[in-house]
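Note: the block below is upload.cif and it holds mmCIF, C-alpha atoms.
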```cif
data_query
loop_
_atom_site.label_atom_id
_atom_site.label_comp_id
_atom_site.auth_asym_id
_atom_site.auth_seq_id
_atom_site.Cartn_x
_atom_site.Cartn_y
_atom_site.Cartn_z
CA LYS D 1 -17.91 -1.98 -23.36
CA GLN D 2 -18.00 -1.13 -19.68
CA GLU D 3 -15.86 -3.38 -17.50
CA VAL D 4 -15.39 -3.17 -13.76
CA THR D 5 -12.32 -4.26 -11.85
CA GLN D 6 -12.15 -4.66 -8.10
CA ILE D 7 -8.87 -4.75 -6.25
CA PRO D 8 -7.89 -6.62 -4.18
CA ALA D 9 -9.77 -9.81 -5.01
CA ALA D 10 -9.36 -11.00 -1.43
CA LEU D 11 -8.25 -9.38 1.78
CA SER D 12 -7.64 -10.66 5.29
CA VAL D 13 -7.08 -8.16 8.09
CA PRO D 14 -7.03 -8.15 11.89
CA GLU D 15 -9.96 -6.62 13.70
CA GLY D 16 -9.77 -2.87 14.17
CA GLU D 17 -7.91 -2.04 10.98
CA ASN D 18 -9.09 0.63 8.60
CA LEU D 19 -9.22 -0.61 5.04
CA VAL D 20 -9.87 0.53 1.50
CA LEU D 21 -11.50 -1.43 -1.30
CA ASN D 22 -11.05 -0.24 -4.87
CA CYS D 23 -13.28 -0.33 -7.92
CA SER D 24 -12.41 0.99 -11.39
CA PHE D 25 -14.41 1.35 -14.59
CA THR D 26 -13.18 1.33 -18.17
CA ASP D 27 -15.85 3.88 -19.13
CA SER D 28 -15.75 6.81 -16.70
CA ALA D 29 -19.18 8.08 -17.80
CA ILE D 30 -20.94 6.68 -14.74
CA TYR D 31 -24.34 7.93 -13.67
CA ASN D 32 -24.76 5.88 -10.50
CA LEU D 33 -22.43 3.82 -8.39
CA GLN D 34 -23.63 1.44 -5.73
CA TRP D 35 -21.66 -0.65 -3.24
CA PHE D 36 -23.13 -3.91 -2.03
CA ARG D 37 -22.31 -6.52 0.54
CA GLN D 38 -22.94 -10.22 -0.10
CA ASP D 39 -22.80 -12.82 2.64
CA PRO D 40 -22.27 -16.48 1.65
CA GLY D 41 -25.41 -17.97 0.17
CA LYS D 42 -27.29 -14.70 0.44
CA GLY D 43 -28.45 -11.94 -1.84
CA LEU D 44 -26.94 -8.48 -2.08
CA THR D 45 -27.39 -5.84 0.57
CA SER D 46 -27.06 -2.26 -0.57
CA LEU D 47 -24.50 -0.29 1.43
CA LEU D 48 -24.14 3.05 -0.31
CA LEU D 49 -25.45 4.70 -3.46
CA ILE D 50 -23.60 7.59 -5.08
CA GLN D 51 -25.85 9.39 -7.49
CA SER D 52 -24.76 11.31 -10.55
CA SER D 53 -24.50 14.67 -8.79
CA GLN D 54 -22.63 13.32 -5.77
CA ARG D 55 -19.01 12.48 -5.06
CA GLU D 56 -19.27 10.52 -1.85
CA GLN D 57 -21.63 8.96 0.65
CA THR D 58 -21.20 7.97 4.26
CA SER D 59 -23.04 5.51 6.47
CA GLY D 60 -21.69 4.72 9.89
CA ARG D 61 -18.19 3.29 9.51
CA LEU D 62 -18.47 3.19 5.73
CA ASN D 63 -17.51 5.91 3.29
CA ALA D 64 -17.65 5.58 -0.48
CA SER D 65 -16.26 8.07 -2.95
CA LEU D 66 -16.41 8.34 -6.71
CA ASP D 67 -13.90 10.12 -8.93
CA LYS D 68 -15.67 10.42 -12.26
CA SER D 69 -12.67 11.85 -14.06
CA SER D 70 -10.76 8.63 -13.51
CA GLY D 71 -13.70 6.23 -13.26
CA ARG D 72 -12.62 5.03 -9.83
CA SER D 73 -14.45 4.44 -6.58
CA THR D 74 -13.21 3.50 -3.15
CA LEU D 75 -15.02 2.04 -0.19
CA TYR D 76 -13.43 2.91 3.13
CA ILE D 77 -14.26 0.77 6.16
CA ALA D 78 -13.18 2.19 9.50
CA ALA D 79 -12.36 0.08 12.54
CA SER D 80 -13.18 -3.22 10.85
CA GLN D 81 -15.04 -5.91 12.80
CA PRO D 82 -15.42 -9.68 12.25
CA GLY D 83 -19.04 -9.01 11.28
CA ASP D 84 -17.76 -7.07 8.28
CA SER D 85 -16.50 -10.32 6.74
CA ALA D 86 -18.28 -10.72 3.41
CA THR D 87 -17.82 -10.12 -0.30
CA TYR D 88 -18.09 -6.49 -1.34
CA LEU D 89 -19.32 -5.69 -4.84
CA CYS D 90 -19.42 -2.40 -6.67
CA ALA D 91 -21.75 -1.73 -9.57
CA GLY D 92 -21.93 1.22 -11.90
CA THR D 93 -24.08 2.23 -14.81
CA GLY D 94 -22.71 1.84 -18.28
CA PRO D 95 -21.97 1.86 -21.07
CA SER D 96 -22.56 5.55 -21.64
CA GLY D 97 -26.16 6.43 -22.18
CA THR D 98 -27.70 3.48 -20.36
CA TYR D 99 -28.64 2.87 -16.76
CA LYS D 100 -27.81 -0.82 -16.76
CA TYR D 101 -25.63 -1.84 -13.83
CA ILE D 102 -22.31 -3.52 -14.55
CA PHE D 103 -20.87 -5.37 -11.57
CA GLY D 104 -17.31 -6.04 -10.52
CA THR D 105 -16.25 -9.51 -9.42
CA GLY D 106 -15.99 -8.46 -5.79
CA THR D 107 -13.50 -8.30 -2.95
CA ARG D 108 -13.71 -11.12 -0.39
CA LEU D 109 -13.00 -9.62 3.00
CA LYS D 110 -12.17 -11.56 6.12
CA VAL D 111 -11.72 -9.72 9.39
CA LEU D 112 -9.95 -11.78 12.01
CA ALA D 113 -10.92 -11.53 15.68
CA GLU V 114 -41.31 -2.62 4.44
CA ALA V 115 -41.13 -6.14 3.01
CA GLY V 116 -38.14 -6.87 0.83
CA VAL V 117 -37.85 -8.63 -2.50
CA ALA V 118 -39.13 -12.19 -2.22
CA GLN V 119 -37.88 -15.09 -4.31
CA SER V 120 -38.71 -18.77 -4.50
CA PRO V 121 -37.55 -21.43 -4.46
CA ARG V 122 -34.30 -20.78 -2.61
CA TYR V 123 -32.62 -23.87 -3.99
CA LYS V 124 -33.27 -26.08 -6.99
CA ILE V 125 -31.44 -29.10 -8.36
CA ILE V 126 -32.37 -30.40 -11.81
CA GLU V 127 -30.85 -32.54 -14.51
CA LYS V 128 -29.71 -31.06 -17.79
CA ARG V 129 -32.41 -30.71 -20.41
CA GLN V 130 -35.09 -30.32 -17.73
CA SER V 131 -37.01 -27.09 -17.28
CA VAL V 132 -37.18 -24.84 -14.21
CA ALA V 133 -38.98 -21.68 -13.18
CA PHE V 134 -38.15 -19.03 -10.61
CA TRP V 135 -40.54 -16.56 -9.06
CA CYS V 136 -39.95 -13.03 -7.80
CA ASN V 137 -42.17 -10.57 -5.95
CA PRO V 138 -40.64 -7.07 -5.85
CA ILE V 139 -41.01 -4.41 -3.20
CA SER V 140 -44.48 -2.92 -3.31
CA GLY V 141 -44.63 0.13 -5.56
CA HIS V 142 -41.40 -0.60 -7.40
CA ALA V 143 -41.91 -0.22 -11.11
CA THR V 144 -38.63 -1.72 -12.24
CA LEU V 145 -37.68 -5.37 -11.84
CA TYR V 146 -34.38 -7.00 -12.75
CA TRP V 147 -33.21 -10.59 -13.11
CA TYR V 148 -29.50 -11.24 -12.70
CA GLN V 149 -27.41 -14.37 -13.11
CA GLN V 150 -24.46 -14.76 -10.75
CA ILE V 151 -22.02 -17.55 -11.56
CA LEU V 152 -19.76 -18.62 -8.70
CA GLY V 153 -16.87 -16.21 -8.26
CA GLN V 154 -18.32 -13.57 -10.57
CA GLY V 155 -20.42 -10.48 -10.17
CA PRO V 156 -24.09 -10.55 -11.14
CA LYS V 157 -24.91 -10.15 -14.82
CA LEU V 158 -28.17 -8.55 -15.89
CA LEU V 159 -30.40 -10.92 -17.84
CA ILE V 160 -33.53 -8.82 -18.22
CA GLN V 161 -35.01 -5.55 -16.96
CA PHE V 162 -38.73 -4.79 -16.82
CA GLN V 163 -40.35 -1.39 -16.46
CA ASN V 164 -43.85 -2.21 -15.21
CA ASN V 165 -44.74 -5.10 -17.52
CA GLY V 166 -42.63 -4.03 -20.48
CA VAL V 167 -39.11 -5.21 -21.28
CA VAL V 168 -36.46 -2.46 -21.17
CA ASP V 169 -33.35 -4.56 -21.74
CA ASP V 170 -32.98 -8.26 -22.51
CA SER V 171 -29.80 -8.03 -24.55
CA GLN V 172 -27.98 -10.62 -22.41
CA LEU V 173 -30.85 -13.07 -22.06
CA PRO V 174 -30.19 -16.34 -23.95
CA LYS V 175 -33.54 -16.27 -25.64
CA ASP V 176 -33.27 -19.74 -27.12
CA ARG V 177 -33.68 -21.21 -23.64
CA PHE V 178 -34.53 -18.42 -21.20
CA SER V 179 -37.81 -16.58 -20.99
CA ALA V 180 -39.25 -14.13 -18.49
CA GLU V 181 -42.53 -12.39 -17.96
CA ARG V 182 -43.97 -9.84 -15.62
CA LEU V 183 -47.71 -10.02 -15.87
CA LYS V 184 -49.66 -7.10 -14.39
CA GLY V 185 -46.40 -5.31 -13.65
CA VAL V 186 -45.85 -6.94 -10.26
CA ASP V 187 -44.62 -10.54 -9.89
CA SER V 188 -42.21 -12.01 -12.37
CA THR V 189 -41.23 -15.49 -13.49
CA LEU V 190 -37.95 -16.53 -15.10
CA LYS V 191 -37.92 -19.84 -16.94
CA ILE V 192 -35.12 -21.98 -18.34
CA GLN V 193 -36.01 -24.67 -20.87
CA PRO V 194 -34.00 -26.79 -21.46
CA ALA V 195 -31.34 -26.27 -18.82
CA LYS V 196 -27.64 -26.73 -19.49
CA LEU V 197 -24.81 -27.43 -17.07
CA GLU V 198 -23.51 -23.88 -17.52
CA ASP V 199 -26.79 -22.50 -16.19
CA SER V 200 -25.74 -23.49 -12.69
CA ALA V 201 -25.71 -20.19 -10.85
CA VAL V 202 -27.57 -18.01 -8.40
CA TYR V 203 -30.47 -16.15 -9.96
CA LEU V 204 -31.07 -12.84 -8.26
CA CYS V 205 -34.12 -10.67 -8.56
CA ALA V 206 -33.93 -6.97 -7.75
CA SER V 207 -36.32 -4.05 -7.88
CA SER V 208 -36.15 -0.29 -7.82
CA PHE V 209 -38.73 2.47 -7.62
CA PHE V 210 -37.85 3.49 -11.14
CA GLY V 211 -35.30 2.42 -13.69
CA GLY V 212 -33.53 5.68 -14.26
CA ALA V 213 -30.37 7.08 -12.75
CA GLY V 214 -30.41 7.70 -9.03
CA TYR V 215 -32.65 4.84 -7.99
CA GLU V 216 -31.27 2.27 -5.60
CA GLN V 217 -31.66 -1.40 -6.44
CA TYR V 218 -32.85 -3.81 -3.75
CA PHE V 219 -32.03 -7.49 -4.07
CA GLY V 220 -33.80 -10.65 -3.04
CA PRO V 221 -32.02 -13.64 -1.45
CA GLY V 222 -31.62 -15.43 -4.76
CA THR V 223 -32.33 -18.91 -6.07
CA ARG V 224 -29.36 -21.26 -6.25
CA LEU V 225 -29.72 -23.52 -9.28
CA THR V 226 -27.61 -26.64 -9.72
CA VAL V 227 -27.82 -28.45 -13.05
CA THR V 228 -26.41 -31.98 -13.02
#
```
Would you mind writing the structure in this file as structure tokens?
Amino acid sequence: KQEVTQIPAALSVPEGENLVLNCSFTDSAIYNLQWFRQDPGKGLTSLLLIQSSQREQTSGRLNASLDKSSGRSTLYIAASQPGDSATYLCAGTGPSGTYKYIFGTGTRLKVLA
Amino acid sequence: EAGVAQSPRYKIIEKRQSVAFWCNPISGHATLYWYQQILGQGPKLLIQFQNNGVVDDSQLPKDRFSAERLKGVDSTLKIQPAKLEDSAVYLCASSFFGGAGYEQYFGPGTRLTVT
């Protein structure tokens, strides 16, 4: 059974810091991995999608990588801003052979001005 | 391009009552998903439709939950009767196709409170 762990569960940093959020899967056979952002009371906003043939994706100050051999992904946020404060969720396909997304429980990020 | 639409945004009902949620996916998206997100947890897939057929409903509590996607566009998720543990945010998402490599787009969700 595919399970997803996100570390840390919560993070508070001063504005301007670079930070790394981690996501790990018990089943490393991942086809897709997607990072989302969720603001309080809102739905999920897609940030980055890493497809099966890719190892990383970049968008602006965000960079996500996927190491399939270990079943781990990281989301790197450069020069964090107060507007980055939100919960960040990763989701990957699994168990092996299916395309169903399994979500982690998220990392709650607070960037202090 | 219009996003995924959901209604209502909020709903409060008493236990044993029934409730229905509506979702309109992004135009042209063949795959539609309903997720349940309990406070402090990640979303859990309840049901996945490909056009108007069910692809996966393995985690749908079928004794009380039902969903349909008539004509392969809009979808309705129903709970009857509701229990206290059904209090959650119900998220609808869509993707162009349901296979690997297709990004999922989420609606704003419906927050259900069962008292």
Selection dump of the PyMOL selection byres ((chain D and resi 39) around 9), as a list in words:
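Taken over the shown coordinates, the PyMOL selection byres ((chain D and resi 39) around 9) returns Arg37, Gln38, Pro40, Gly41, Lys42, Gly43, Leu44, Thr45, Ser85, Ala86, Thr87 and Tyr88 of chain D.
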At most 8 Å to chain V: residues in chain D, all atoms listed in the file, as a VMD selection string
chain D and resid 31 to 32 34 42 to 46 49 to 52 89 99 to 106
Neighbouring residues of D:Ile77 were defined as those with any atom within 9 Å, considering only C-alpha atoms; residues of the same chain fewer than 3 positions away were excluded. Please report them as a PDB file with C-alpha atoms, in the frame of the given file.
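In the end it all went to out.pdb:
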```
ATOM      1  CA  GLU D  17      -7.910  -2.040  10.980  1.00  0.00           C
ATOM      2  CA  ASN D  18      -9.090   0.630   8.600  1.00  0.00           C
ATOM      3  CA  LEU D  19      -9.220  -0.610   5.040  1.00  0.00           C
ATOM      4  CA  VAL D  20      -9.870   0.530   1.500  1.00  0.00           C
ATOM      5  CA  LEU D  21     -11.500  -1.430  -1.300  1.00  0.00           C
ATOM      6  CA  ARG D  61     -18.190   3.290   9.510  1.00  0.00           C
ATOM      7  CA  LEU D  62     -18.470   3.190   5.730  1.00  0.00           C
ATOM      8  CA  ASN D  63     -17.510   5.910   3.290  1.00  0.00           C
ATOM      9  CA  ALA D  64     -17.650   5.580  -0.480  1.00  0.00           C
ATOM     10  CA  SER D  80     -13.180  -3.220  10.850  1.00  0.00           C
ATOM     11  CA  ASP D  84     -17.760  -7.070   8.280  1.00  0.00           C
TER      12      ASP D  84
END
```
Please compute the atom CA of D:Lys1-atom CA of D:Leu47 distance, one decimal, in Å.
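That distance, rounded to one decimal, is 25.7 Å.
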One decimal, in Å: what's the spacing between atom CA of V:Ile126 and atom CA of V:Ser179?
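Computing the Euclidean distance for atom CA of V:Ile126 and atom CA of V:Ser179 yields 17.5 Å.
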Write out as a VMD selection string the residues lying within 8 Å of D:Gly16, counting only C-alpha atoms and excluding same-chain residues fewer than 6 positions away.
chain D and resid 78 to 81
Could the residues in this selection be saved with C-alpha atoms as a compact mmCIF listing (two decimals), keeping the file's coordinate frame?
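Output file out_24.txt is given in full below:
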```
# COMPACT_ATOMS: atom_id res chain seq x y z
CA ALA D 78 -13.18 2.19 9.50
CA ALA D 79 -12.36 0.08 12.54
CA SER D 80 -13.18 -3.22 10.85
CA GLN D 81 -15.04 -5.91 12.80
```
Please report the interatomic distance between atom CA of V:Gln149 and atom CA of D:Cys23 in Å with one decimal.
20.6 Å
Nearest to D:Gln2, restricted to only C-alpha atoms and choosing among D:Ser73, D:Thr93, D:Ser59, D:Ser65, comes out as D:Thr93
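Non-sequential neighbours of V:Asn164 (distance at most 10 Å, separation of 3 or more positions within a chain, all atoms listed in the file) are Gly141, His142, Ala143, Thr144, Leu145, Gln161, Val167, Val168, Arg182, Leu183, Lys184, Gly185, Val186, Asp187, Phe210 and Gly211 of chain V.
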Name the closest residue to D:Val111 among the candidates D:Gln6, D:Gly60, D:Asp67, D:Pro82; distances are taken between atoms, counting only C-alpha atoms.
D:Pro82
So which residues get picked by the PyMOL selection byres ((chain V and resi 115) around 8) here, written as a PyMOL selection string?
chain V and resi 114+116-117+139-140
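This file, filtered with the PyMOL selection byres ((chain V and resi 172) around 8), gives the residues V:Leu158, V:Leu159, V:Ile160, V:Asp170, V:Ser171, V:Leu173, V:Pro174.
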Just give me the residues with any atom within 7 Å of (-19.5, 3.6, -12.0), file coordinates, counting all atoms listed in the file, written as a ChimeraX atom specification.
/D:25,28,30-33,71,91-93
Writer output for current selection, C-alpha atoms, as a PDB file, in the frame of the given file:
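Produced file out15.pdb, reproduced below:
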```pdb
ATOM      1  CA  PHE D  25     -14.410   1.350 -14.590  1.00  0.00           C
ATOM      2  CA  SER D  28     -15.750   6.810 -16.700  1.00  0.00           C
ATOM      3  CA  ILE D  30     -20.940   6.680 -14.740  1.00  0.00           C
ATOM      4  CA  TYR D  31     -24.340   7.930 -13.670  1.00  0.00           C
ATOM      5  CA  ASN D  32     -24.760   5.880 -10.500  1.00  0.00           C
ATOM      6  CA  LEU D  33     -22.430   3.820  -8.390  1.00  0.00           C
ATOM      7  CA  GLY D  71     -13.700   6.230 -13.260  1.00  0.00           C
ATOM      8  CA  ALA D  91     -21.750  -1.730  -9.570  1.00  0.00           C
ATOM      9  CA  GLY D  92     -21.930   1.220 -11.900  1.00  0.00           C
ATOM     10  CA  THR D  93     -24.080   2.230 -14.810  1.00  0.00           C
TER      11      THR D  93
END
```
Under the rule that all atoms listed in the file are counted, which of V:Ser200, V:Thr228, V:Ser120, V:Gln193 is the nearest residue to V:Trp135?
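Result for the nearest residue to V:Trp135: V:Ser120.
Here the question is which of V:Lys196, V:Cys136, V:Ile125, V:Arg177 gets nearest to V:Tyr148 using only C-alpha atoms, and that residue is V:Cys136.
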Could I get stretch 52-63 of chain D rebuilt with all heavy atoms, written as a PDB file, in the coordinates of the input?
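After the write, out06.pdb holds the following:
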```pdb
ATOM      1  N   SER D  52     -25.548  10.634  -9.519  1.00  0.00           N
ATOM      2  CA  SER D  52     -24.760  11.310 -10.550  1.00  0.00           C
ATOM      3  C   SER D  52     -24.211  12.654 -10.098  1.00  0.00           C
ATOM      4  O   SER D  52     -23.148  13.074 -10.530  1.00  0.00           O
ATOM      5  CB  SER D  52     -25.592  11.491 -11.812  1.00  0.00           C
ATOM      6  OG  SER D  52     -26.749  12.236 -11.532  1.00  0.00           O
ATOM      7  N   SER D  53     -24.931  13.338  -9.212  1.00  0.00           N
ATOM      8  CA  SER D  53     -24.500  14.670  -8.790  1.00  0.00           C
ATOM      9  C   SER D  53     -23.620  14.643  -7.544  1.00  0.00           C
ATOM     10  O   SER D  53     -23.193  15.693  -7.052  1.00  0.00           O
ATOM     11  CB  SER D  53     -25.721  15.546  -8.523  1.00  0.00           C
ATOM     12  OG  SER D  53     -26.506  14.965  -7.497  1.00  0.00           O
ATOM     13  N   GLN D  54     -23.361  13.453  -7.029  1.00  0.00           N
ATOM     14  CA  GLN D  54     -22.630  13.320  -5.770  1.00  0.00           C
ATOM     15  C   GLN D  54     -21.221  12.811  -6.002  1.00  0.00           C
ATOM     16  O   GLN D  54     -20.917  12.216  -7.044  1.00  0.00           O
ATOM     17  CB  GLN D  54     -23.378  12.359  -4.829  1.00  0.00           C
ATOM     18  CG  GLN D  54     -24.779  12.838  -4.500  1.00  0.00           C
ATOM     19  CD  GLN D  54     -25.591  11.771  -3.784  1.00  0.00           C
ATOM     20  OE1 GLN D  54     -25.379  10.576  -3.991  1.00  0.00           O
ATOM     21  NE2 GLN D  54     -26.508  12.199  -2.938  1.00  0.00           N
ATOM     22  N   ARG D  55     -20.372  12.987  -4.985  1.00  0.00           N
ATOM     23  CA  ARG D  55     -19.010  12.480  -5.060  1.00  0.00           C
ATOM     24  C   ARG D  55     -18.723  11.464  -3.975  1.00  0.00           C
ATOM     25  O   ARG D  55     -17.803  10.670  -4.106  1.00  0.00           O
ATOM     26  CB  ARG D  55     -18.005  13.625  -4.927  1.00  0.00           C
ATOM     27  CG  ARG D  55     -17.986  14.565  -6.104  1.00  0.00           C
ATOM     28  CD  ARG D  55     -16.858  15.551  -6.006  1.00  0.00           C
ATOM     29  NE  ARG D  55     -16.803  16.427  -7.165  1.00  0.00           N
ATOM     30  CZ  ARG D  55     -15.911  17.391  -7.319  1.00  0.00           C
ATOM     31  NH1 ARG D  55     -15.009  17.613  -6.387  1.00  0.00           N
ATOM     32  NH2 ARG D  55     -15.931  18.131  -8.401  1.00  0.00           N
ATOM     33  N   GLU D  56     -19.482  11.500  -2.895  1.00  0.00           N
ATOM     34  CA  GLU D  56     -19.270  10.520  -1.850  1.00  0.00           C
ATOM     35  C   GLU D  56     -20.527  10.364  -1.004  1.00  0.00           C
ATOM     36  O   GLU D  56     -21.431  11.211  -1.032  1.00  0.00           O
ATOM     37  CB  GLU D  56     -18.083  10.902  -0.974  1.00  0.00           C
ATOM     38  CG  GLU D  56     -18.258  12.128  -0.119  1.00  0.00           C
ATOM     39  CD  GLU D  56     -17.063  12.339   0.784  1.00  0.00           C
ATOM     40  OE1 GLU D  56     -16.531  11.337   1.336  1.00  0.00           O
ATOM     41  OE2 GLU D  56     -16.649  13.481   0.959  1.00  0.00           O
ATOM     42  N   GLN D  57     -20.552   9.251  -0.273  1.00  0.00           N
ATOM     43  CA  GLN D  57     -21.630   8.960   0.650  1.00  0.00           C
ATOM     44  C   GLN D  57     -21.034   8.291   1.881  1.00  0.00           C
ATOM     45  O   GLN D  57     -20.042   7.555   1.784  1.00  0.00           O
ATOM     46  CB  GLN D  57     -22.673   8.038   0.020  1.00  0.00           C
ATOM     47  CG  GLN D  57     -23.632   8.680  -0.948  1.00  0.00           C
ATOM     48  CD  GLN D  57     -24.630   9.586  -0.281  1.00  0.00           C
ATOM     49  OE1 GLN D  57     -25.016   9.384   0.868  1.00  0.00           O
ATOM     50  NE2 GLN D  57     -25.043  10.630  -0.986  1.00  0.00           N
ATOM     51  N   THR D  58     -21.676   8.543   3.014  1.00  0.00           N
ATOM     52  CA  THR D  58     -21.200   7.970   4.260  1.00  0.00           C
ATOM     53  C   THR D  58     -22.356   7.321   5.001  1.00  0.00           C
ATOM     54  O   THR D  58     -23.480   7.848   5.003  1.00  0.00           O
ATOM     55  CB  THR D  58     -20.568   9.050   5.159  1.00  0.00           C
ATOM     56  OG1 THR D  58     -19.431   9.606   4.481  1.00  0.00           O
ATOM     57  CG2 THR D  58     -20.128   8.466   6.483  1.00  0.00           C
ATOM     58  N   SER D  59     -22.068   6.168   5.619  1.00  0.00           N
ATOM     59  CA  SER D  59     -23.040   5.510   6.470  1.00  0.00           C
ATOM     60  C   SER D  59     -22.281   4.794   7.564  1.00  0.00           C
ATOM     61  O   SER D  59     -21.597   3.800   7.323  1.00  0.00           O
ATOM     62  CB  SER D  59     -23.885   4.525   5.669  1.00  0.00           C
ATOM     63  OG  SER D  59     -24.771   3.812   6.519  1.00  0.00           O
ATOM     64  N   GLY D  60     -22.383   5.337   8.777  1.00  0.00           N
ATOM     65  CA  GLY D  60     -21.690   4.720   9.890  1.00  0.00           C
ATOM     66  C   GLY D  60     -20.187   4.669   9.670  1.00  0.00           C
ATOM     67  O   GLY D  60     -19.546   5.690   9.439  1.00  0.00           O
ATOM     68  N   ARG D  61     -19.647   3.462   9.697  1.00  0.00           N
ATOM     69  CA  ARG D  61     -18.190   3.290   9.510  1.00  0.00           C
ATOM     70  C   ARG D  61     -17.792   3.190   8.046  1.00  0.00           C
ATOM     71  O   ARG D  61     -16.612   2.979   7.738  1.00  0.00           O
ATOM     72  CB  ARG D  61     -17.749   2.020  10.256  1.00  0.00           C
ATOM     73  CG  ARG D  61     -17.913   2.087  11.771  1.00  0.00           C
ATOM     74  CD  ARG D  61     -17.406   0.818  12.441  1.00  0.00           C
ATOM     75  NE  ARG D  61     -18.230  -0.337  12.132  1.00  0.00           N
ATOM     76  CZ  ARG D  61     -17.848  -1.331  11.321  1.00  0.00           C
ATOM     77  NH1 ARG D  61     -16.641  -1.318  10.765  1.00  0.00           N
ATOM     78  NH2 ARG D  61     -18.646  -2.354  11.094  1.00  0.00           N
ATOM     79  N   LEU D  62     -18.737   3.321   7.156  1.00  0.00           N
ATOM     80  CA  LEU D  62     -18.470   3.190   5.730  1.00  0.00           C
ATOM     81  C   LEU D  62     -18.493   4.549   5.043  1.00  0.00           C
ATOM     82  O   LEU D  62     -19.332   5.386   5.337  1.00  0.00           O
ATOM     83  CB  LEU D  62     -19.523   2.298   5.070  1.00  0.00           C
ATOM     84  CG  LEU D  62     -19.739   0.906   5.645  1.00  0.00           C
ATOM     85  CD1 LEU D  62     -20.841   0.195   4.873  1.00  0.00           C
ATOM     86  CD2 LEU D  62     -18.456   0.111   5.620  1.00  0.00           C
ATOM     87  N   ASN D  63     -17.532   4.718   4.119  1.00  0.00           N
ATOM     88  CA  ASN D  63     -17.510   5.910   3.290  1.00  0.00           C
ATOM     89  C   ASN D  63     -17.138   5.489   1.877  1.00  0.00           C
ATOM     90  O   ASN D  63     -16.145   4.778   1.665  1.00  0.00           O
ATOM     91  CB  ASN D  63     -16.484   6.923   3.813  1.00  0.00           C
ATOM     92  CG  ASN D  63     -16.327   8.109   2.883  1.00  0.00           C
ATOM     93  OD1 ASN D  63     -15.531   8.083   1.943  1.00  0.00           O
ATOM     94  ND2 ASN D  63     -17.093   9.157   3.115  1.00  0.00           N
TER      95      ASN D  63
END
```
